[in-house]
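Report on the following structure.
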Amino acid sequence: MITKAVLRALDTKAVIVISILVAVAILVPLSNLFLPVGHPMRVPNYLVSLLGKYLSYAMLALALDLIWGYAGILSLGHGAFFALGGYAMGMYLMRQIGDRGVYANATLPDFMVFLGWQDLPWYWQGMDMFWFAALMIVFVPGLLAFVFGWFAFRSRVTGVYFSIISQAMVFALMLAFFRNDMGFGGNNGLTDFKDILGAPIAAPATRAALFSATALALAISFLLCAMVIKSKLGKVMVAVRDAESRTRFIGYRVENVKLFAFTVSAVIAGVAGALYVPQVGIINPGEFSPANSIEIVIWTAVGGRGTLLGPIIGAILVNAGKSYFTGAFPDFWLFALGGLFVFVTLFMPKGIVGVFVSAWTALRARRASARAQKGIGSVTPGPDEPATPRTAPDDEAAPHGAEPKPAE
Amino acid sequence: MTSELASSLLYLDDVTVSFDGFKALNSLSLVVQPGELQAIIGPNGAGKTTMMDIVTGKTRPDKGEVYFEGRIDLTKKDEAEIANLGIGRKFQKPTVFESHTVWDNIELALKNPRGVFASWFYARGQSDTGRIAEILETVRLTHRKNDFAANLSHGQKQWLEIGMLLAQDPKLLLVDEPVAGMTDAETEETSKLLKVIAKNHSVVVVEHDMSFVRDLDCRVTCLAEGSVLAQGSLAHVSADEKVIERYLGR
Ligand SMILES: Nc1ncnc2c1ncn2[C@@H]1O[C@H](COP(=O)(O)OP(=O)(O)OP(=O)(O)O)[C@@H](O)[C@H]1O
Ligand SMILES: [Mg+2]
């Protein structure tokens with residue numbers, strides 16, 4: 001059953017994307033660790049962490065696209081799940097510091113000693129064990145998404161109303177995490193990490209391993225999303241996106257379909273956050289800021305909403321642009337980002353990937369018609385075969401403008 | 001009345017719905033027998049579509065009883081539950097899944113477990129493939145099976161929606177204005193098709209096209225202002241003075 005779903009997901013495109021990610025996961029660390037410094041093919045240390053960060057953003061955008069591109073749920077609070085996964089990882093990393101902190105307290109992180117706390121709060125228990133922290137990385141974002149989605153989808157909160165309450169959720173979390181008495185380091189967040197799984201976190205080998213882990217996690221997330229999208233469940237999601245009430249009238253429980261997609265998406269976002277934190281070395285409440293969550297939407301739109309590759313490309317390109325701009329023209333970045341979003345929304349509704357897909361489709365159609373004119377392809381189409389060349393029934397070539405329509 | 005309830009497939013009694021004080025249904029009572037084909041006619045705004053909204057759970061009645069198979073209270077169920085009980089509906093404005101192919105539209109509607117995980121791990125077997133092909137043949141869309149539903153003509157969308165109804169294999173089909181926007185030839189085909197479907201399903205058809213209703217040759221109910229004006233054979237109903245005055249004679 002599962003194997004069938006995996007095989008169905010692995011079409012040519014998916015195999016190519018996954019192979020590239022696996023190759024990157026192997027080659028970048030090899031080049032960084034084994035080529036001599038100064039070699040033209042060597043990926044420098046700073047770039048390994050930077051690329052690792054981009055890949056964790058790509059995972060986050062992929063997670064958003066699963067619900068926005070395919071099920072029509074526009075979450076403007078997806079940064080919450082990313083940050084919660086990040087905080088869970090941060091708590092594990094804090095506890096690994098042990099007595100090497102400024103106050104040399106073996107159990108309490110520095111900020112708790114500073115606040116005069118005597119005992120570790122109950123929710124910090126067990127976070128010194130990696131397996132437990134890993135469980136929480138999946139469980140906490142998943143649970144929040146499940147509970148939030150349960151109430152929202154059951155009471156049929158859709159469209160902009162859903163977007164607004166998701167934004168309110170991330171904002172509320174930000175305010176909560178800013179408070180010192182929440183026990184998550186307040187303003188400063190969690191930082192000064194030393195080890196992860198016993199390996200020094202700043203060592204090039206550890207950085208390379210984290211990079212590989214992120215690339216592989218992205219490949220696995222891609223496969224998981226493809227397994228959903230290519231199945232009948234994926235078709236039901238698209239049906240929900242385009243005509244929600246019609247889907248109900250043929251007997252699907254729309255709220256369950258959405259809840260499933262939303263929870264899976266939150267878990268992927270949480271894992272992405274957990275991989276992000278050790279590579280950037282800090283997690284603070286700024287990750288919950290509403291603007292961050294909106295940026296995720298922009299990456300996805302730029303790359304191509306409703307395609308699996310689009311969000312990955314979008315997240316990498318926009319963030320590469322951000323790294324460049326914030327260095328070169330720091331005041332200019334937000335205007336560039338806003339302008340980009342407006343441009344994409346107006347002129348590239350299917351994003352970068354959409355532009356390539358339509359160019360490719362047009363090229364093929366032109367070639368086919370040229371062939372037909374020469375008389376080479378003059379085979380009469382059978383009764384079942386369409387006369388005109390047509391792309392395979394593939395979401396990426398689907399007619400856009402299938403905006404949500406109420407059934408009657 | 002209770003024996004009528006017990007033997008009925010669909011039973012509406014004294015159903016009233018108002019929108020901002022306007023009574024779209026005004027103590028409407030209506031019975032559909034198992035196996036019956038029934039046509040519903042009536043002027044614009046008579047409440048025909050609203051009646052279907054009540055039955056399929058889209059709208060809740062302010063007052064009145066709605067029972068399916070003589071015992072299931074439909075006013076307590078939501079849309080998906082009602083669909084899974086075996087009530088299928090074709091909408092007045094054809095609504096198909098535009099960014100899916102014709103084939104996928106039928107596949108989504110095909111009677112199969114509707115759960116999240118059942119859908120995720122669904123693999124189309126030979127019997128399902130055969131069934132979908134058969135339905136496409138019936139609604140004459142085989143040659144367009146790989147096209148996106150968005151690219152169908154209005155009439156073809158109507159037929160696709162009828163195909164989706166067939167795929168659901170419901171006990172009761174509610175069909176709202178199936179021939180609107182169709183050519184005469186298509187209309188004739190549709191009435192033939194509905195009569196074939198009615199052989200082993202119960203069907204309620206709402207339609208304004210009188211020659212179509214004549215073709216169906218079944219019991220006719222005329223609604224006006226939210227309640228039943230007349231009921232019986234088409235000849236009987238169209239001879240009724242109130243019907244002539246309020247609907248036919250206009
Ligand atoms: N959701 C709603 N809100 C307000 N008014 C409504 C609503 N639904 C229906 N109505 C009103 O109820 C009345 C009955 O509408 P309905 O659609 O049932 O008529 P109908 O018999 O199907 O007419 P037609 O032949 O034009 O399709 C109309 O006056 C309509 O405007
Ligand atoms: Mg109507």
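Residue numbers start at 1 in each chain; chains themselves are named A, B, ... in the order of the structure tokens; ligands are numbered from 1 in the order shown.
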- Using only C-alpha atoms, find which residues of chain B lie within 7 Å of chain A and jot them down as number ranges by chain. B: 79-81, 83-84, 88, 91-93, 95, 97-99, 101, 109, 114, 116, 119-122, 142-143, 146
- Item | Spatial neighbours of segment 278-285 of chain A, max dist 9 Å, only C-alpha atoms, sep filter under 6 positions, as a ChimeraX atom specification | /A:49-50,52-53,83,86-87,89-90,93,173-178,184-193,196,201-202,207,210-211
Nearby residues, ligand 2, 9 Å, only C-alpha atoms and all ligand atoms, as a PDB file with N, CA and C atoms, in the first residue's frame:
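Result file is part.pdb:
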ATOM      1  N   ASN B  44     -40.051  31.133 -11.337  1.00  0.00           N
ATOM      2  CA  ASN B  44     -38.793  31.549 -10.697  1.00  0.00           C
ATOM      3  C   ASN B  44     -39.068  31.989  -9.272  1.00  0.00           C
ATOM      4  N   GLY B  45     -38.209  31.558  -8.378  1.00  0.00           N
ATOM      5  CA  GLY B  45     -38.369  31.963  -6.987  1.00  0.00           C
ATOM      6  C   GLY B  45     -39.407  31.163  -6.235  1.00  0.00           C
ATOM      7  N   ALA B  46     -39.885  30.068  -6.841  1.00  0.00           N
ATOM      8  CA  ALA B  46     -40.923  29.263  -6.189  1.00  0.00           C
ATOM      9  C   ALA B  46     -40.372  28.497  -5.002  1.00  0.00           C
ATOM     10  N   GLY B  47     -39.051  28.317  -4.963  1.00  0.00           N
ATOM     11  CA  GLY B  47     -38.460  27.575  -3.842  1.00  0.00           C
ATOM     12  C   GLY B  47     -37.964  26.188  -4.225  1.00  0.00           C
ATOM     13  N   LYS B  48     -37.864  25.927  -5.526  1.00  0.00           N
ATOM     14  CA  LYS B  48     -37.453  24.591  -5.975  1.00  0.00           C
ATOM     15  C   LYS B  48     -36.019  24.285  -5.547  1.00  0.00           C
ATOM     16  N   THR B  49     -35.127  25.236  -5.825  1.00  0.00           N
ATOM     17  CA  THR B  49     -33.732  25.020  -5.441  1.00  0.00           C
ATOM     18  C   THR B  49     -33.586  25.010  -3.923  1.00  0.00           C
ATOM     19  N   THR B  50     -34.343  25.867  -3.259  1.00  0.00           N
ATOM     20  CA  THR B  50     -34.280  25.898  -1.796  1.00  0.00           C
ATOM     21  C   THR B  50     -34.701  24.555  -1.209  1.00  0.00           C
ATOM     22  N   MET B  52     -34.170  21.685  -2.528  1.00  0.00           N
ATOM     23  CA  MET B  52     -33.010  20.790  -2.633  1.00  0.00           C
ATOM     24  C   MET B  52     -31.934  21.160  -1.607  1.00  0.00           C
ATOM     25  N   PHE B  91     -26.342  20.555  -9.518  1.00  0.00           N
ATOM     26  CA  PHE B  91     -26.694  21.934  -9.213  1.00  0.00           C
ATOM     27  C   PHE B  91     -27.263  22.654 -10.437  1.00  0.00           C
ATOM     28  N   GLN B  92     -28.031  23.697 -10.134  1.00  0.00           N
ATOM     29  CA  GLN B  92     -28.633  24.480 -11.215  1.00  0.00           C
ATOM     30  C   GLN B  92     -27.545  25.075 -12.101  1.00  0.00           C
ATOM     31  N   LYS B  93     -26.549  25.699 -11.464  1.00  0.00           N
ATOM     32  CA  LYS B  93     -25.401  26.194 -12.216  1.00  0.00           C
ATOM     33  C   LYS B  93     -24.379  25.060 -12.185  1.00  0.00           C
ATOM     34  N   ASP B 176     -31.221  19.527 -10.677  1.00  0.00           N
ATOM     35  CA  ASP B 176     -31.770  20.882 -10.813  1.00  0.00           C
ATOM     36  C   ASP B 176     -31.497  21.430 -12.214  1.00  0.00           C
ATOM     37  N   GLU B 177     -32.548  21.632 -12.971  1.00  0.00           N
ATOM     38  CA  GLU B 177     -32.476  22.199 -14.323  1.00  0.00           C
ATOM     39  C   GLU B 177     -31.365  21.587 -15.185  1.00  0.00           C
ATOM     40  N   VAL B 206     -35.954  19.084 -11.395  1.00  0.00           N
ATOM     41  CA  VAL B 206     -36.554  20.411 -11.477  1.00  0.00           C
ATOM     42  C   VAL B 206     -36.318  20.916 -12.892  1.00  0.00           C
ATOM     43  N   GLU B 207     -37.345  21.394 -13.561  1.00  0.00           N
ATOM     44  CA  GLU B 207     -37.125  21.888 -14.924  1.00  0.00           C
ATOM     45  C   GLU B 207     -38.211  22.869 -15.336  1.00  0.00           C
TER      46      GLU B 207
END
Which chain B residues have any atom within 12 Å of an atom of ligand 1, and for each, what is the nearest pair of atoms with distance in Å to one decimal, counting only C-alpha atoms and all ligand atoms, rows sorted by chain and number, as a tab-separated table?
residue	atom	partner	partner_atom_place_in_ligand_line	distance
B:Thr16	CA	ligand 1	12 (O)	11.3
B:Val17	CA	ligand 1	12 (O)	8.7
B:Ser18	CA	ligand 1	12 (O)	7.8
B:Phe19	CA	ligand 1	4 (C)	4.8
B:Asp20	CA	ligand 1	4 (C)	7.1
B:Gly21	CA	ligand 1	4 (C)	9.5
B:Phe22	CA	ligand 1	12 (O)	7.4
B:Lys23	CA	ligand 1	12 (O)	7.1
B:Ala24	CA	ligand 1	12 (O)	4.2
B:Leu25	CA	ligand 1	14 (C)	7.3
B:Asn26	CA	ligand 1	14 (C)	10.5
B:Ile40	CA	ligand 1	21 (O)	9.3
B:Ile41	CA	ligand 1	21 (O)	8.1
B:Gly42	CA	ligand 1	21 (O)	6.4
B:Pro43	CA	ligand 1	25 (O)	5.8
B:Asn44	CA	ligand 1	26 (O)	3.6
B:Gly45	CA	ligand 1	19 (O)	3.4
B:Ala46	CA	ligand 1	21 (O)	3.8
B:Gly47	CA	ligand 1	18 (O)	3.1
B:Lys48	CA	ligand 1	21 (O)	3.7
B:Thr49	CA	ligand 1	22 (O)	3.6
B:Thr50	CA	ligand 1	18 (O)	3.6
B:Met51	CA	ligand 1	18 (O)	6.4
B:Met52	CA	ligand 1	18 (O)	8.0
B:Asp53	CA	ligand 1	18 (O)	8.1
B:Ile54	CA	ligand 1	18 (O)	9.9
B:Lys58	CA	ligand 1	1 (N)	9.4
B:Thr59	CA	ligand 1	1 (N)	7.9
B:Arg60	CA	ligand 1	1 (N)	10.7
B:Pro61	CA	ligand 1	8 (N)	11.9
B:Phe91	CA	ligand 1	27 (O)	10.1
B:Gln92	CA	ligand 1	27 (O)	7.0
B:Lys93	CA	ligand 1	27 (O)	9.4
B:Val175	CA	ligand 1	22 (O)	11.4
B:Asp176	CA	ligand 1	22 (O)	8.1
B:Glu177	CA	ligand 1	27 (O)	7.8
B:Pro178	CA	ligand 1	27 (O)	11.5
B:Ala180	CA	ligand 1	27 (O)	10.6
B:Val205	CA	ligand 1	22 (O)	11.5
B:Val206	CA	ligand 1	22 (O)	8.2
B:Glu207	CA	ligand 1	25 (O)	7.8
B:His208	CA	ligand 1	25 (O)	7.1
B:Asp209	CA	ligand 1	25 (O)	10.8
B:Cys222	CA	ligand 1	21 (O)	10.1
B:Leu223	CA	ligand 1	21 (O)	7.7
B:Ala224	CA	ligand 1	21 (O)	7.8
B:Glu225	CA	ligand 1	14 (C)	7.7
B:Gly226	CA	ligand 1	14 (C)	7.3
B:Ser227	CA	ligand 1	21 (O)	10.5
B:Val228	CA	ligand 1	21 (O)	11.7
B:Tyr247	CA	ligand 1	25 (O)	11.0
- Item | Picked from segment 166-220 of chain A by DSSP as strand (DSSP E or B), as a PyMOL selection string | chain A and resi 190-191+195-196+199-200
I want to know what sits within 9 Å of Val318 of chain A, based on only C-alpha atoms, with residues of the same chain fewer than 5 positions away left out; could you give that as a PDB file with all heavy atoms, in the first residue's frame?
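Generated output (around-v2.pdb):
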ATOM      1  N   ILE A 298       5.447  34.935   0.068  1.00  0.00           N
ATOM      2  CA  ILE A 298       6.071  35.547  -1.109  1.00  0.00           C
ATOM      3  C   ILE A 298       7.026  34.561  -1.799  1.00  0.00           C
ATOM      4  O   ILE A 298       6.981  34.411  -3.020  1.00  0.00           O
ATOM      5  CB  ILE A 298       6.802  36.855  -0.714  1.00  0.00           C
ATOM      6  CG1 ILE A 298       5.782  37.829  -0.103  1.00  0.00           C
ATOM      7  CG2 ILE A 298       7.494  37.474  -1.924  1.00  0.00           C
ATOM      8  CD1 ILE A 298       6.367  39.153   0.334  1.00  0.00           C
ATOM      9  N   TRP A 299       7.839  33.862  -1.021  1.00  0.00           N
ATOM     10  CA  TRP A 299       8.749  32.876  -1.647  1.00  0.00           C
ATOM     11  C   TRP A 299       7.945  31.903  -2.492  1.00  0.00           C
ATOM     12  O   TRP A 299       8.305  31.586  -3.629  1.00  0.00           O
ATOM     13  CB  TRP A 299       9.509  32.033  -0.617  1.00  0.00           C
ATOM     14  CG  TRP A 299      10.229  32.772   0.458  1.00  0.00           C
ATOM     15  CD1 TRP A 299      10.675  34.074   0.404  1.00  0.00           C
ATOM     16  CD2 TRP A 299      10.567  32.283   1.761  1.00  0.00           C
ATOM     17  NE1 TRP A 299      11.281  34.394   1.595  1.00  0.00           N
ATOM     18  CE2 TRP A 299      11.231  33.323   2.435  1.00  0.00           C
ATOM     19  CE3 TRP A 299      10.385  31.058   2.416  1.00  0.00           C
ATOM     20  CZ2 TRP A 299      11.711  33.182   3.737  1.00  0.00           C
ATOM     21  CZ3 TRP A 299      10.858  30.909   3.697  1.00  0.00           C
ATOM     22  CH2 TRP A 299      11.512  31.960   4.362  1.00  0.00           C
ATOM     23  N   VAL A 302       6.481  33.486  -5.647  1.00  0.00           N
ATOM     24  CA  VAL A 302       7.513  33.776  -6.642  1.00  0.00           C
ATOM     25  C   VAL A 302       7.938  32.493  -7.355  1.00  0.00           C
ATOM     26  O   VAL A 302       8.051  32.444  -8.574  1.00  0.00           O
ATOM     27  CB  VAL A 302       8.731  34.464  -5.977  1.00  0.00           C
ATOM     28  CG1 VAL A 302       9.917  34.498  -6.921  1.00  0.00           C
ATOM     29  CG2 VAL A 302       8.366  35.874  -5.549  1.00  0.00           C
ATOM     30  N   GLY A 303       8.148  31.438  -6.597  1.00  0.00           N
ATOM     31  CA  GLY A 303       8.603  30.190  -7.212  1.00  0.00           C
ATOM     32  C   GLY A 303       7.521  29.516  -8.023  1.00  0.00           C
ATOM     33  O   GLY A 303       7.781  28.956  -9.087  1.00  0.00           O
ATOM     34  N   ILE A 313      12.428  26.557  -5.298  1.00  0.00           N
ATOM     35  CA  ILE A 313      13.167  27.534  -6.105  1.00  0.00           C
ATOM     36  C   ILE A 313      12.934  28.945  -5.566  1.00  0.00           C
ATOM     37  O   ILE A 313      13.863  29.731  -5.397  1.00  0.00           O
ATOM     38  CB  ILE A 313      12.723  27.433  -7.580  1.00  0.00           C
ATOM     39  CG1 ILE A 313      13.210  26.104  -8.146  1.00  0.00           C
ATOM     40  CG2 ILE A 313      13.247  28.604  -8.393  1.00  0.00           C
ATOM     41  CD1 ILE A 313      12.799  25.869  -9.574  1.00  0.00           C
ATOM     42  N   SER A 323      20.042  38.098   0.802  1.00  0.00           N
ATOM     43  CA  SER A 323      21.418  38.150   1.316  1.00  0.00           C
ATOM     44  C   SER A 323      22.209  39.201   0.561  1.00  0.00           C
ATOM     45  O   SER A 323      22.971  39.969   1.147  1.00  0.00           O
ATOM     46  CB  SER A 323      22.101  36.795   1.164  1.00  0.00           C
ATOM     47  OG  SER A 323      21.410  35.815   1.876  1.00  0.00           O
ATOM     48  N   LEU A 337      11.344  43.493  -2.218  1.00  0.00           N
ATOM     49  CA  LEU A 337      10.511  42.324  -1.926  1.00  0.00           C
ATOM     50  C   LEU A 337       9.044  42.613  -2.237  1.00  0.00           C
ATOM     51  O   LEU A 337       8.362  41.822  -2.892  1.00  0.00           O
ATOM     52  CB  LEU A 337      10.675  41.941  -0.453  1.00  0.00           C
ATOM     53  CG  LEU A 337       9.983  40.649  -0.036  1.00  0.00           C
ATOM     54  CD1 LEU A 337      10.649  39.453  -0.690  1.00  0.00           C
ATOM     55  CD2 LEU A 337      10.021  40.487   1.476  1.00  0.00           C
TER      56      LEU A 337
END
- Polymer residues at most 12 Å from Gly310 of chain A, only C-alpha atoms, same-chain spacing of 3 or more positions, as a VMD selection string: chain A and resid 17 58 to 59 61 to 66 69 222 297 to 307 313 to 318 349 to 357 396
- Step one, run DSSP on the backbone; step two, keep only residues of segment 147-188 of chain B assigned to helix (DSSP H, G or I); then write them as a PyMOL selection string. chain B and resi 149-151+154-168+184-188
Those residues you just picked out, can you put them in a file as a compact mmCIF listing (two decimals), in the first residue's frame with C-alpha atoms?
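Wrote part-v1.txt, looks like this:
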# COMPACT_ATOMS: atom_id res chain seq x y z
CA ALA B 149 -13.42 20.14 -17.12
CA ALA B 150 -12.92 23.91 -17.42
CA ASN B 151 -12.72 23.50 -21.19
CA HIS B 154 -21.97 24.33 -20.90
CA GLY B 155 -23.99 21.34 -22.02
CA GLN B 156 -21.03 19.01 -21.55
CA LYS B 157 -20.53 20.29 -18.02
CA GLN B 158 -24.16 19.46 -17.32
CA TRP B 159 -23.55 15.95 -18.60
CA LEU B 160 -20.34 15.59 -16.65
CA GLU B 161 -22.25 16.51 -13.53
CA ILE B 162 -24.86 13.89 -14.33
CA GLY B 163 -21.98 11.45 -14.83
CA MET B 164 -20.64 12.35 -11.40
CA LEU B 165 -24.08 11.66 -9.96
CA LEU B 166 -24.10 8.26 -11.62
CA ALA B 167 -20.64 7.55 -10.24
CA GLN B 168 -21.86 8.26 -6.71
CA ASP B 184 -33.03 20.54 -28.56
CA ALA B 185 -31.13 17.44 -29.57
CA GLU B 186 -29.13 17.46 -26.34
CA THR B 187 -32.33 17.99 -24.36
CA GLU B 188 -33.85 14.92 -25.93
- Gap from atom CA of Leu174 of chain B to atom CA of Gln126 of chain B - Å, one decimal: 29.2 Å
- Item | Exercise: Gly126 of chain A partners within 10 Å, only C-alpha atoms, chain neighbours under 4 positions left out, as a PyMOL selection string | chain A and resi 91-92+95+122+130-133
- Fewer than 5 positions away in the same chain doesn't count, so skip those; otherwise give me all residues within 7 Å of Gly64 of chain B, counting only C-alpha atoms, as a list in words. Asp13, Asp14, Val15 and Thr16 of chain B
Any chance you could export the current selection's N, CA, C and O atoms as a short mmCIF file (atom, residue, chain, number, x, y, z; two decimals), in the first residue's frame?
data_model
loop_
_atom_site.label_atom_id
_atom_site.label_comp_id
_atom_site.auth_asym_id
_atom_site.auth_seq_id
_atom_site.Cartn_x
_atom_site.Cartn_y
_atom_site.Cartn_z
N ASP B 13 -42.38 17.48 5.48
CA ASP B 13 -43.68 17.85 5.99
C ASP B 13 -43.62 19.21 6.66
O ASP B 13 -42.81 19.42 7.57
N ASP B 14 -44.46 20.11 6.18
CA ASP B 14 -44.62 21.41 6.82
C ASP B 14 -43.30 22.18 6.96
O ASP B 14 -43.01 22.80 7.97
N VAL B 15 -42.47 22.12 5.88
CA VAL B 15 -41.15 22.75 5.95
C VAL B 15 -41.24 24.23 5.60
O VAL B 15 -41.78 24.60 4.56
N THR B 16 -40.72 25.06 6.49
CA THR B 16 -40.70 26.50 6.26
C THR B 16 -39.28 27.02 6.40
O THR B 16 -38.56 26.62 7.31
#
- Using only C-alpha atoms: which of B:His201, B:Lys171, B:Lys195, B:Lys145 has the shortest distance to His100 of chain B: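 Checking each candidate against His100 of chain B, we get B:Lys145 as the closest.
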- Query: Between B:Lys63, B:Ser202, B:Ala123, B:Gly181, which one has atoms that come closest to Leu10 of chain B, using only C-alpha atoms?
  - Reply: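 Closest to Leu10 of chain B, using only C-alpha atoms: B:Ser202.
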- A:Leu60, A:Val22, A:Pro311, A:Gly72 ranked by distance to Val160 of chain A, top pick (using only C-alpha atoms): A:Gly72
- One residue among A:Leu10, A:His39, A:Asn105, A:Glu295 is nearest to Asp119 of chain A when using only C-alpha atoms, and that residue is A:Asn105
- Closest to Tyr11 of chain B among B:Ser29, B:Ser211, B:Ser238, B:Gln38, using only C-alpha atoms?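 Closest to Tyr11 of chain B of all the choices is B:Ser29.
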- Task: Might you pull out every residue within 10 Å of Lys13 of chain A, with only C-alpha atoms counted and same-chain residues fewer than 5 positions away left off, and present them as a PyMOL selection string?
- Result: chain A and resi 18-19+308-309
Just to be explicit: take each residue in the selection above, keep all heavy atoms, and write the result as an mmCIF file, in the first residue's frame.
data_model
loop_
_atom_site.group_PDB
_atom_site.id
_atom_site.type_symbol
_atom_site.label_atom_id
_atom_site.label_comp_id
_atom_site.auth_asym_id
_atom_site.auth_seq_id
_atom_site.Cartn_x
_atom_site.Cartn_y
_atom_site.Cartn_z
ATOM 1 N N ILE A 18 14.602 14.815 -6.440
ATOM 2 C CA ILE A 18 15.138 14.098 -5.277
ATOM 3 C C ILE A 18 16.603 13.723 -5.513
ATOM 4 O O ILE A 18 17.442 13.853 -4.613
ATOM 5 C CB ILE A 18 14.251 12.874 -4.960
ATOM 6 C CG1 ILE A 18 12.894 13.371 -4.436
ATOM 7 C CG2 ILE A 18 14.916 11.970 -3.936
ATOM 8 C CD1 ILE A 18 11.861 12.302 -4.250
ATOM 9 N N SER A 19 16.933 13.306 -6.749
ATOM 10 C CA SER A 19 18.336 12.956 -7.038
ATOM 11 C C SER A 19 19.243 14.166 -6.857
ATOM 12 O O SER A 19 20.336 14.049 -6.295
ATOM 13 C CB SER A 19 18.492 12.446 -8.468
ATOM 14 O OG SER A 19 17.530 11.481 -8.735
ATOM 15 N N LEU A 308 5.293 21.577 -6.848
ATOM 16 C CA LEU A 308 6.118 21.165 -5.713
ATOM 17 C C LEU A 308 7.520 21.756 -5.797
ATOM 18 O O LEU A 308 8.178 21.972 -4.796
ATOM 19 C CB LEU A 308 6.191 19.635 -5.632
ATOM 20 C CG LEU A 308 4.896 18.958 -5.166
ATOM 21 C CD1 LEU A 308 5.038 17.455 -5.190
ATOM 22 C CD2 LEU A 308 4.503 19.423 -3.778
ATOM 23 N N LEU A 309 7.970 22.009 -7.017
ATOM 24 C CA LEU A 309 9.314 22.544 -7.190
ATOM 25 C C LEU A 309 9.339 24.053 -6.923
ATOM 26 O O LEU A 309 10.327 24.583 -6.408
ATOM 27 C CB LEU A 309 9.786 22.247 -8.623
ATOM 28 C CG LEU A 309 11.223 22.600 -8.950
ATOM 29 C CD1 LEU A 309 12.169 21.917 -7.993
ATOM 30 C CD2 LEU A 309 11.545 22.198 -10.382
#
- Item | Pick from A:Thr214, A:Ala274, A:Ala320, A:Val170, whichever lies nearest to His78 of chain A using only C-alpha atoms |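 Smallest distance to His78 of chain A is found for A:Val170.
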